[in-house]
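Colleague: I have a structure I would like to understand better, so I am pasting it below and will then ask my questions one at a time.
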Amino acid sequence: MIIFIILAAVVLLYLLAIMPRMGHGKNREPFMDVYYAHRGLHDNEGEAPENSLAAFRKAVEAGYGIEMDVQLTKDKVPVVFHDFTLKRACGKEGKVCDYTWKELKDIGLFGSRQTIPKFEDVLSVVLGKVPLIIELKVEWTELDVCGVVDAVLREYQGPYCIESFNPMVLLWYRRYHNDVMRGQLADGFIKTGEFKGLLYVFLQNLLLNGATKPDFIAYNHKYENNISRRLCRGLYKNLAVAWTIKNQEELEHAKKHFDLFIFDSFIPDEK
């Protein structure tokens with residue numbers, strides 16, 4: 001009997017730990033029935049590389065939603081750029097936060113004529129025509145990007161939501177702008193070899209949801225069978241976002257397990 005009570009208590013605590021925000025479903029309506037172009041509709045070997053104004057224009061013209069990444073420069077200017085370092089995309093040393101906006105603004109992306117854009121300039125291209133999934137890049141505890149981006153977005157008229165791998169971003173939004181739709185990014189960290197301690201066990205299994213209360217879970221589609229992810233969608237009816245779909249076959253399979261889809265490297269068939 002005691003063992004049964006202990007097991008029941010453990011299960012209850014687990015279900016409470018992974019419980020996302022409930023009763024916020026109306027906010028998801030502008031985001032449904034749209035495919036999301038990963039970092040814009042991009043080609044890193046052409047003149048519309050990832051997270052460039054050209055890639056975002058192409059996505060808007062094609063009617064796709066957009067997933068993008070935002071972080072701060074040394075002088076706290078929000079820019080759209082994925083990696084913390086400049087090496088892969090720009091062939092430069094150092095992190096984005098090591099450079100001022102003046103130093104960054106003319107650096108080319110992937111050898112193209114496109115340069116790192118300001119976040120405000122991207123919003124001026126989109127103009128609310130398609131929904132946005134905005135990933136906030138926070139390496140550790142430097143949460144300044146939350147307040148800076150939030151201030152910009154309070155003036156923006158289009159549909160957007162926030163996501164991050166860092167649960168502190170979701171906690172920030174829960175405290176300071178709870179109306180904003182927010183999502184927890186997650187991956188099979190242990191299986192991918194990115195395991196870096198106990199925190200990654202919590203993140204992989206969504207055990208901080210009880211504190212951060214995400215409106216959606218954006219999970220690596222390769223790990224669709226993660227039990228916590230499946231319970232969030234099945235038991236709690238939480239919105240499930242798949243990243244990053246690389247071909248039509250993956251997309252068709254993911255439709256059985258997810259609700260929204262971030263794609264890259266191909267053009268999806270029409271819905």
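All residue names refer to the structure tokens as shown: chains lettered A, B, ... in order, residues numbered from 1 in each chain, ligands numbered from 1 in order.
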Mind checking which residues fall within 12 Å of Lys191 in chain A, counting only C-alpha atoms, ignoring those fewer than 6 positions away in the same chain, and posting them as a list in words?

Modeller: Tyr200, Val201, Gln204, Asn220, Lys222, Tyr223 and Asn226 of chain A

Colleague: Mind checking which residues fall within 12 Å of Glu270 in chain A, counting only C-alpha atoms, ignoring those fewer than 6 positions away in the same chain, and posting them as a VMD selection string?

Modeller: chain A and resid 33 to 35 62 to 64 248 251 to 252

Colleague: Range 128-173 of chain A: which residues are strand (DSSP E or B) by DSSP, as a ChimeraX atom specification?

Modeller: /A:132-136,160-164

Colleague: Please run DSSP on the backbone and report, as an NGL selection string, all residues within range 10-241 of chain A that come out as helix (DSSP H, G or I).

Modeller: :A and (10-17 or 25-31 or 53-62 or 87-90 or 96-98 or 101-104 or 119-126 or 144-153 or 167-176 or 189-192 or 198-204 or 209-212 or 221-223 or 227-234)

Colleague: Just to confirm, what's the straight-line distance from CA of His38 in chain A to CA of Lys137 in chain A in Å (one decimal)?

Modeller: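 Interatomic distance here is 15.1 Å.
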
Colleague: Extract, using only C-alpha atoms, all DNA, RNA and protein residues at most 8 Å from range 99-106 of chain A, discarding same-chain residues fewer than 4 positions from it, and format them as a VMD selection string.

Modeller: chain A and resid 73 to 75 77 95 115 to 117

Colleague: Can I get the selected residues back with N, CA, C and O atoms, as an mmCIF file, in the first residue's frame?

Modeller:
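After the write, out-v8.cif holds the following:
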data_model
loop_
_atom_site.group_PDB
_atom_site.id
_atom_site.type_symbol
_atom_site.label_atom_id
_atom_site.label_comp_id
_atom_site.auth_asym_id
_atom_site.auth_seq_id
_atom_site.Cartn_x
_atom_site.Cartn_y
_atom_site.Cartn_z
ATOM 1 N N THR A 73 23.591 42.860 -29.678
ATOM 2 C CA THR A 73 24.978 43.258 -29.888
ATOM 3 C C THR A 73 25.559 43.780 -28.575
ATOM 4 O O THR A 73 24.867 43.884 -27.554
ATOM 5 N N LYS A 74 26.804 44.139 -28.613
ATOM 6 C CA LYS A 74 27.485 44.666 -27.437
ATOM 7 C C LYS A 74 26.798 45.914 -26.904
ATOM 8 O O LYS A 74 26.724 46.129 -25.683
ATOM 9 N N ASP A 75 26.266 46.747 -27.814
ATOM 10 C CA ASP A 75 25.579 47.970 -27.407
ATOM 11 C C ASP A 75 24.061 47.793 -27.355
ATOM 12 O O ASP A 75 23.310 48.760 -27.491
ATOM 13 N N VAL A 77 21.741 46.354 -29.257
ATOM 14 C CA VAL A 77 20.871 46.455 -30.430
ATOM 15 C C VAL A 77 20.399 45.047 -30.789
ATOM 16 O O VAL A 77 21.223 44.143 -30.958
ATOM 17 N N LYS A 95 31.906 36.518 -30.713
ATOM 18 C CA LYS A 95 30.460 36.398 -30.602
ATOM 19 C C LYS A 95 29.766 37.673 -31.063
ATOM 20 O O LYS A 95 30.382 38.740 -31.137
ATOM 21 N N THR A 115 23.613 41.332 -45.309
ATOM 22 C CA THR A 115 24.303 41.553 -44.041
ATOM 23 C C THR A 115 23.360 41.252 -42.876
ATOM 24 O O THR A 115 22.161 41.065 -43.055
ATOM 25 N N ILE A 116 23.942 41.206 -41.685
ATOM 26 C CA ILE A 116 23.149 40.925 -40.487
ATOM 27 C C ILE A 116 22.115 42.036 -40.300
ATOM 28 O O ILE A 116 22.474 43.207 -40.212
ATOM 29 N N PRO A 117 20.817 41.693 -40.236
ATOM 30 C CA PRO A 117 19.804 42.749 -40.132
ATOM 31 C C PRO A 117 19.436 43.097 -38.698
ATOM 32 O O PRO A 117 19.498 42.259 -37.787
#

Colleague: Would you list the contacts of Arg57 in chain A as a list in words, taking every protein, DNA or RNA residue within 8 Å and counting only C-alpha atoms, but skipping same-chain residues closer than 2 positions in sequence?

Modeller: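 Answer for this query is Gly40, Leu53, Ala54, Ala55, Ala59, Val60, Glu61, Val125 and Val126 of chain A.
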
Colleague: Report, in Å with one decimal, the straight-line distance from CA of Tyr160 in chain A to CA of Ser52 in chain A.

Modeller: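 One can read the CA of Tyr160 in chain A to CA of Ser52 in chain A distance as 18.3 Å.
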
Colleague: To one decimal in Å, tell me the separation between CA of Lys92 in chain A and CA of Lys118 in chain A.

Modeller: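 So the answer is 18.5 Å.
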
Colleague: For range 258-269 of chain A, work out the shell of residues within 6 Å, counting only C-alpha atoms and skipping chain neighbours fewer than 2 positions away, then give it as a list in words.

Modeller: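 Skipping anything fewer than 2 positions along the chain leaves Tyr35, Tyr36, Ala37, His38, Ala240, Val241, Ala242, Trp243, Thr244, Ile245, Lys246, Asn247, Ala254 and Lys255 of chain A.
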
Colleague: Save out the residues we just selected, N, CA, C and O atoms, as a CSV table (one decimal), in the first residue's frame.

Modeller:
chain,number,residue,atom,x,y,z
A,35,TYR,N,2.8,27.0,-42.7
A,35,TYR,CA,4.1,26.4,-42.6
A,35,TYR,C,5.1,27.5,-42.3
A,35,TYR,O,5.0,28.7,-42.8
A,36,TYR,N,6.2,27.2,-41.5
A,36,TYR,CA,7.1,28.2,-41.0
A,36,TYR,C,8.5,28.0,-41.6
A,36,TYR,O,9.1,27.0,-41.4
A,37,ALA,N,8.9,29.0,-42.4
A,37,ALA,CA,10.2,28.9,-43.0
A,37,ALA,C,11.3,29.2,-42.0
A,37,ALA,O,11.4,30.3,-41.4
A,38,HIS,N,12.2,28.2,-41.8
A,38,HIS,CA,13.3,28.3,-40.8
A,38,HIS,C,14.3,29.3,-41.2
A,38,HIS,O,15.0,29.2,-42.2
A,240,ALA,N,1.8,21.6,-30.3
A,240,ALA,CA,3.1,20.9,-30.6
A,240,ALA,C,3.7,21.4,-31.9
A,240,ALA,O,3.1,21.3,-33.0
A,241,VAL,N,4.9,21.9,-31.8
A,241,VAL,CA,5.6,22.5,-33.0
A,241,VAL,C,6.8,21.6,-33.3
A,241,VAL,O,7.6,21.2,-32.4
A,242,ALA,N,7.0,21.2,-34.6
A,242,ALA,CA,8.1,20.3,-35.0
A,242,ALA,C,9.2,21.2,-35.7
A,242,ALA,O,8.9,22.0,-36.5
A,243,TRP,N,10.4,21.0,-35.2
A,243,TRP,CA,11.6,21.5,-35.9
A,243,TRP,C,12.6,20.4,-36.1
A,243,TRP,O,12.6,19.5,-35.4
A,244,THR,N,13.4,20.6,-37.1
A,244,THR,CA,13.2,21.3,-38.4
A,244,THR,C,13.0,20.3,-39.5
A,244,THR,O,13.9,19.4,-39.7
A,245,ILE,N,11.9,20.4,-40.2
A,245,ILE,CA,11.5,19.4,-41.2
A,245,ILE,C,12.4,19.7,-42.5
A,245,ILE,O,12.4,20.8,-43.0
A,246,LYS,N,13.0,18.6,-43.0
A,246,LYS,CA,13.9,18.8,-44.1
A,246,LYS,C,13.4,18.3,-45.5
A,246,LYS,O,14.0,18.5,-46.5
A,247,ASN,N,12.3,17.6,-45.5
A,247,ASN,CA,11.7,17.1,-46.8
A,247,ASN,C,10.3,16.8,-46.6
A,247,ASN,O,9.7,16.7,-45.5
A,254,ALA,N,5.4,13.8,-39.7
A,254,ALA,CA,5.3,14.7,-38.5
A,254,ALA,C,3.9,15.1,-38.3
A,254,ALA,O,3.5,15.5,-37.2
A,255,LYS,N,3.0,15.2,-39.4
A,255,LYS,CA,1.7,15.6,-39.2
A,255,LYS,C,0.9,14.7,-38.3
A,255,LYS,O,-0.2,15.2,-37.7

Colleague: With only C-alpha atoms as the counted atoms, please give the residues lying no more than 12 Å from Glu142 in chain A, apart from itself and same-chain residues fewer than 6 positions off, as a PyMOL selection string.

Modeller: chain A and resi 71-72+74+76+97+136+148+166+168-169+172

Colleague: Those selected residues, please, written with N, CA, C and O atoms and delivered as an mmCIF file, in the first residue's frame.

Modeller:
data_model
loop_
_atom_site.group_PDB
_atom_site.id
_atom_site.type_symbol
_atom_site.label_atom_id
_atom_site.label_comp_id
_atom_site.auth_asym_id
_atom_site.auth_seq_id
_atom_site.Cartn_x
_atom_site.Cartn_y
_atom_site.Cartn_z
ATOM 1 N N GLN A 71 19.191 38.143 -31.012
ATOM 2 C CA GLN A 71 20.098 38.337 -29.885
ATOM 3 C C GLN A 71 20.608 39.769 -29.905
ATOM 4 O O GLN A 71 20.321 40.532 -30.836
ATOM 5 N N LEU A 72 21.364 40.142 -28.886
ATOM 6 C CA LEU A 72 21.815 41.526 -28.740
ATOM 7 C C LEU A 72 23.282 41.694 -29.094
ATOM 8 O O LEU A 72 24.113 40.825 -28.819
ATOM 9 N N LYS A 74 26.804 44.139 -28.613
ATOM 10 C CA LYS A 74 27.485 44.666 -27.437
ATOM 11 C C LYS A 74 26.798 45.914 -26.904
ATOM 12 O O LYS A 74 26.724 46.129 -25.683
ATOM 13 N N LYS A 76 23.615 46.545 -27.169
ATOM 14 C CA LYS A 76 22.217 46.213 -26.881
ATOM 15 C C LYS A 76 21.260 46.502 -28.035
ATOM 16 O O LYS A 76 20.092 46.829 -27.820
ATOM 17 N N CYS A 97 27.736 39.339 -29.355
ATOM 18 C CA CYS A 97 27.748 40.285 -28.239
ATOM 19 C C CYS A 97 29.111 40.939 -28.020
ATOM 20 O O CYS A 97 29.242 41.830 -27.174
ATOM 21 N N LEU A 136 14.452 33.672 -28.910
ATOM 22 C CA LEU A 136 15.378 34.544 -28.200
ATOM 23 C C LEU A 136 16.598 33.736 -27.769
ATOM 24 O O LEU A 136 16.473 32.706 -27.120
ATOM 25 N N VAL A 148 14.465 44.216 -24.210
ATOM 26 C CA VAL A 148 14.697 45.001 -25.435
ATOM 27 C C VAL A 148 13.750 44.557 -26.541
ATOM 28 O O VAL A 148 13.096 45.389 -27.206
ATOM 29 N N ASN A 166 16.170 28.412 -23.445
ATOM 30 C CA ASN A 166 16.463 28.835 -22.086
ATOM 31 C C ASN A 166 15.158 29.081 -21.330
ATOM 32 O O ASN A 166 14.408 30.010 -21.656
ATOM 33 N N MET A 168 14.600 30.443 -18.621
ATOM 34 C CA MET A 168 14.541 31.742 -17.955
ATOM 35 C C MET A 168 13.845 32.790 -18.821
ATOM 36 O O MET A 168 13.262 33.742 -18.305
ATOM 37 N N VAL A 169 13.908 32.620 -20.138
ATOM 38 C CA VAL A 169 13.184 33.522 -21.041
ATOM 39 C C VAL A 169 11.680 33.384 -20.815
ATOM 40 O O VAL A 169 10.946 34.374 -20.729
ATOM 41 N N TRP A 172 10.721 34.992 -17.652
ATOM 42 C CA TRP A 172 10.687 36.446 -17.799
ATOM 43 C C TRP A 172 9.351 36.873 -18.388
ATOM 44 O O TRP A 172 8.712 37.814 -17.872
#

Colleague: Counting only C-alpha atoms, figure out which residue out of A:His257, A:His221, A:Lys87, A:Arg174 gets nearest to Ala186 in chain A.

Modeller: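 Of A:His257, A:His221, A:Lys87, A:Arg174, the one nearest Ala186 in chain A, counting only C-alpha atoms, is A:His221.
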
Colleague: Could you tell me which of A:Asn27, A:Gly111, A:Cys90, A:Asp83 comes closest to Ala48 in chain A if we count only C-alpha atoms?

Modeller: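 Of all the options, A:Gly111 lies closest to Ala48 in chain A.
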
Colleague: Near Phe119 in chain A, within 9 Å and counting only C-alpha atoms, which residues show up once chain neighbours fewer than 3 positions away are dropped, as a VMD selection string?

Modeller: chain A and resid 70 to 71 77 to 80 122 to 124 149 152

Colleague: Would you put the residues from that selection into a file with all heavy atoms, as a short mmCIF file (atom, residue, chain, number, x, y, z; two decimals), in the first residue's frame?

Modeller:
data_model
loop_
_atom_site.label_atom_id
_atom_site.label_comp_id
_atom_site.auth_asym_id
_atom_site.auth_seq_id
_atom_site.Cartn_x
_atom_site.Cartn_y
_atom_site.Cartn_z
N VAL A 70 16.85 35.99 -32.51
CA VAL A 70 17.21 37.35 -32.13
C VAL A 70 18.14 37.33 -30.92
O VAL A 70 17.91 36.61 -29.95
CB VAL A 70 15.96 38.19 -31.81
CG1 VAL A 70 16.36 39.62 -31.44
CG2 VAL A 70 15.00 38.21 -33.00
N GLN A 71 19.19 38.14 -31.01
CA GLN A 71 20.10 38.34 -29.88
C GLN A 71 20.61 39.77 -29.90
O GLN A 71 20.32 40.53 -30.84
CB GLN A 71 21.25 37.33 -29.92
CG GLN A 71 22.05 37.29 -31.20
CD GLN A 71 23.08 36.17 -31.17
OE1 GLN A 71 23.93 36.10 -30.29
NE2 GLN A 71 23.00 35.26 -32.14
N VAL A 77 21.74 46.35 -29.26
CA VAL A 77 20.87 46.46 -30.43
C VAL A 77 20.40 45.05 -30.79
O VAL A 77 21.22 44.14 -30.96
CB VAL A 77 21.62 47.09 -31.62
CG1 VAL A 77 20.75 47.08 -32.87
CG2 VAL A 77 22.06 48.51 -31.28
N PRO A 78 19.09 44.83 -30.92
CA PRO A 78 18.61 43.49 -31.28
C PRO A 78 18.83 43.21 -32.77
O PRO A 78 18.39 43.99 -33.63
CB PRO A 78 17.12 43.55 -30.94
CG PRO A 78 16.75 44.98 -31.03
CD PRO A 78 17.98 45.76 -30.65
N VAL A 79 19.52 42.12 -33.05
CA VAL A 79 19.79 41.73 -34.43
C VAL A 79 19.29 40.30 -34.65
O VAL A 79 19.12 39.53 -33.71
CB VAL A 79 21.29 41.81 -34.78
CG1 VAL A 79 21.78 43.24 -34.69
CG2 VAL A 79 22.12 40.90 -33.87
N VAL A 80 19.06 39.97 -35.90
CA VAL A 80 18.57 38.64 -36.25
C VAL A 80 19.74 37.81 -36.75
O VAL A 80 20.30 38.06 -37.82
CB VAL A 80 17.45 38.74 -37.32
CG1 VAL A 80 16.93 37.36 -37.67
CG2 VAL A 80 16.31 39.62 -36.81
N VAL A 122 13.71 43.78 -39.93
CA VAL A 122 12.99 42.56 -40.32
C VAL A 122 11.50 42.75 -40.13
O VAL A 122 10.69 42.40 -41.00
CB VAL A 122 13.50 41.35 -39.51
CG1 VAL A 122 12.64 40.12 -39.82
CG2 VAL A 122 14.96 41.07 -39.83
N LEU A 123 11.11 43.33 -39.01
CA LEU A 123 9.69 43.58 -38.77
C LEU A 123 9.11 44.52 -39.82
O LEU A 123 7.94 44.37 -40.22
CB LEU A 123 9.50 44.17 -37.37
CG LEU A 123 9.88 43.27 -36.19
CD1 LEU A 123 9.63 43.99 -34.87
CD2 LEU A 123 9.12 41.95 -36.23
N SER A 124 9.90 45.45 -40.30
CA SER A 124 9.44 46.36 -41.35
C SER A 124 9.23 45.65 -42.68
O SER A 124 8.42 46.07 -43.49
CB SER A 124 10.46 47.50 -41.53
OG SER A 124 10.54 48.30 -40.37
N VAL A 149 13.65 43.26 -26.76
CA VAL A 149 12.77 42.74 -27.81
C VAL A 149 11.31 43.01 -27.47
O VAL A 149 10.51 43.37 -28.35
CB VAL A 149 13.02 41.23 -28.00
CG1 VAL A 149 11.92 40.59 -28.84
CG2 VAL A 149 14.37 41.01 -28.67
N VAL A 152 10.29 46.50 -28.40
CA VAL A 152 10.09 46.65 -29.85
C VAL A 152 8.76 46.04 -30.28
O VAL A 152 7.99 46.65 -31.04
CB VAL A 152 11.26 45.99 -30.62
CG1 VAL A 152 10.98 45.99 -32.11
CG2 VAL A 152 12.57 46.71 -30.32
#

Colleague: Restricting the calculation to only C-alpha atoms, which member of A:Glu120, A:Asp179, A:Glu135, A:Asp98 is positioned closest to Tyr156 in chain A?

Modeller: A:Glu120

Colleague: Between A:Arg229, A:Arg175, A:Lys213, A:Arg154, which has the minimum distance to Gly188 in chain A (counting only C-alpha atoms)?

Modeller: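 For Gly188 in chain A, the nearest of the candidates is A:Arg229.
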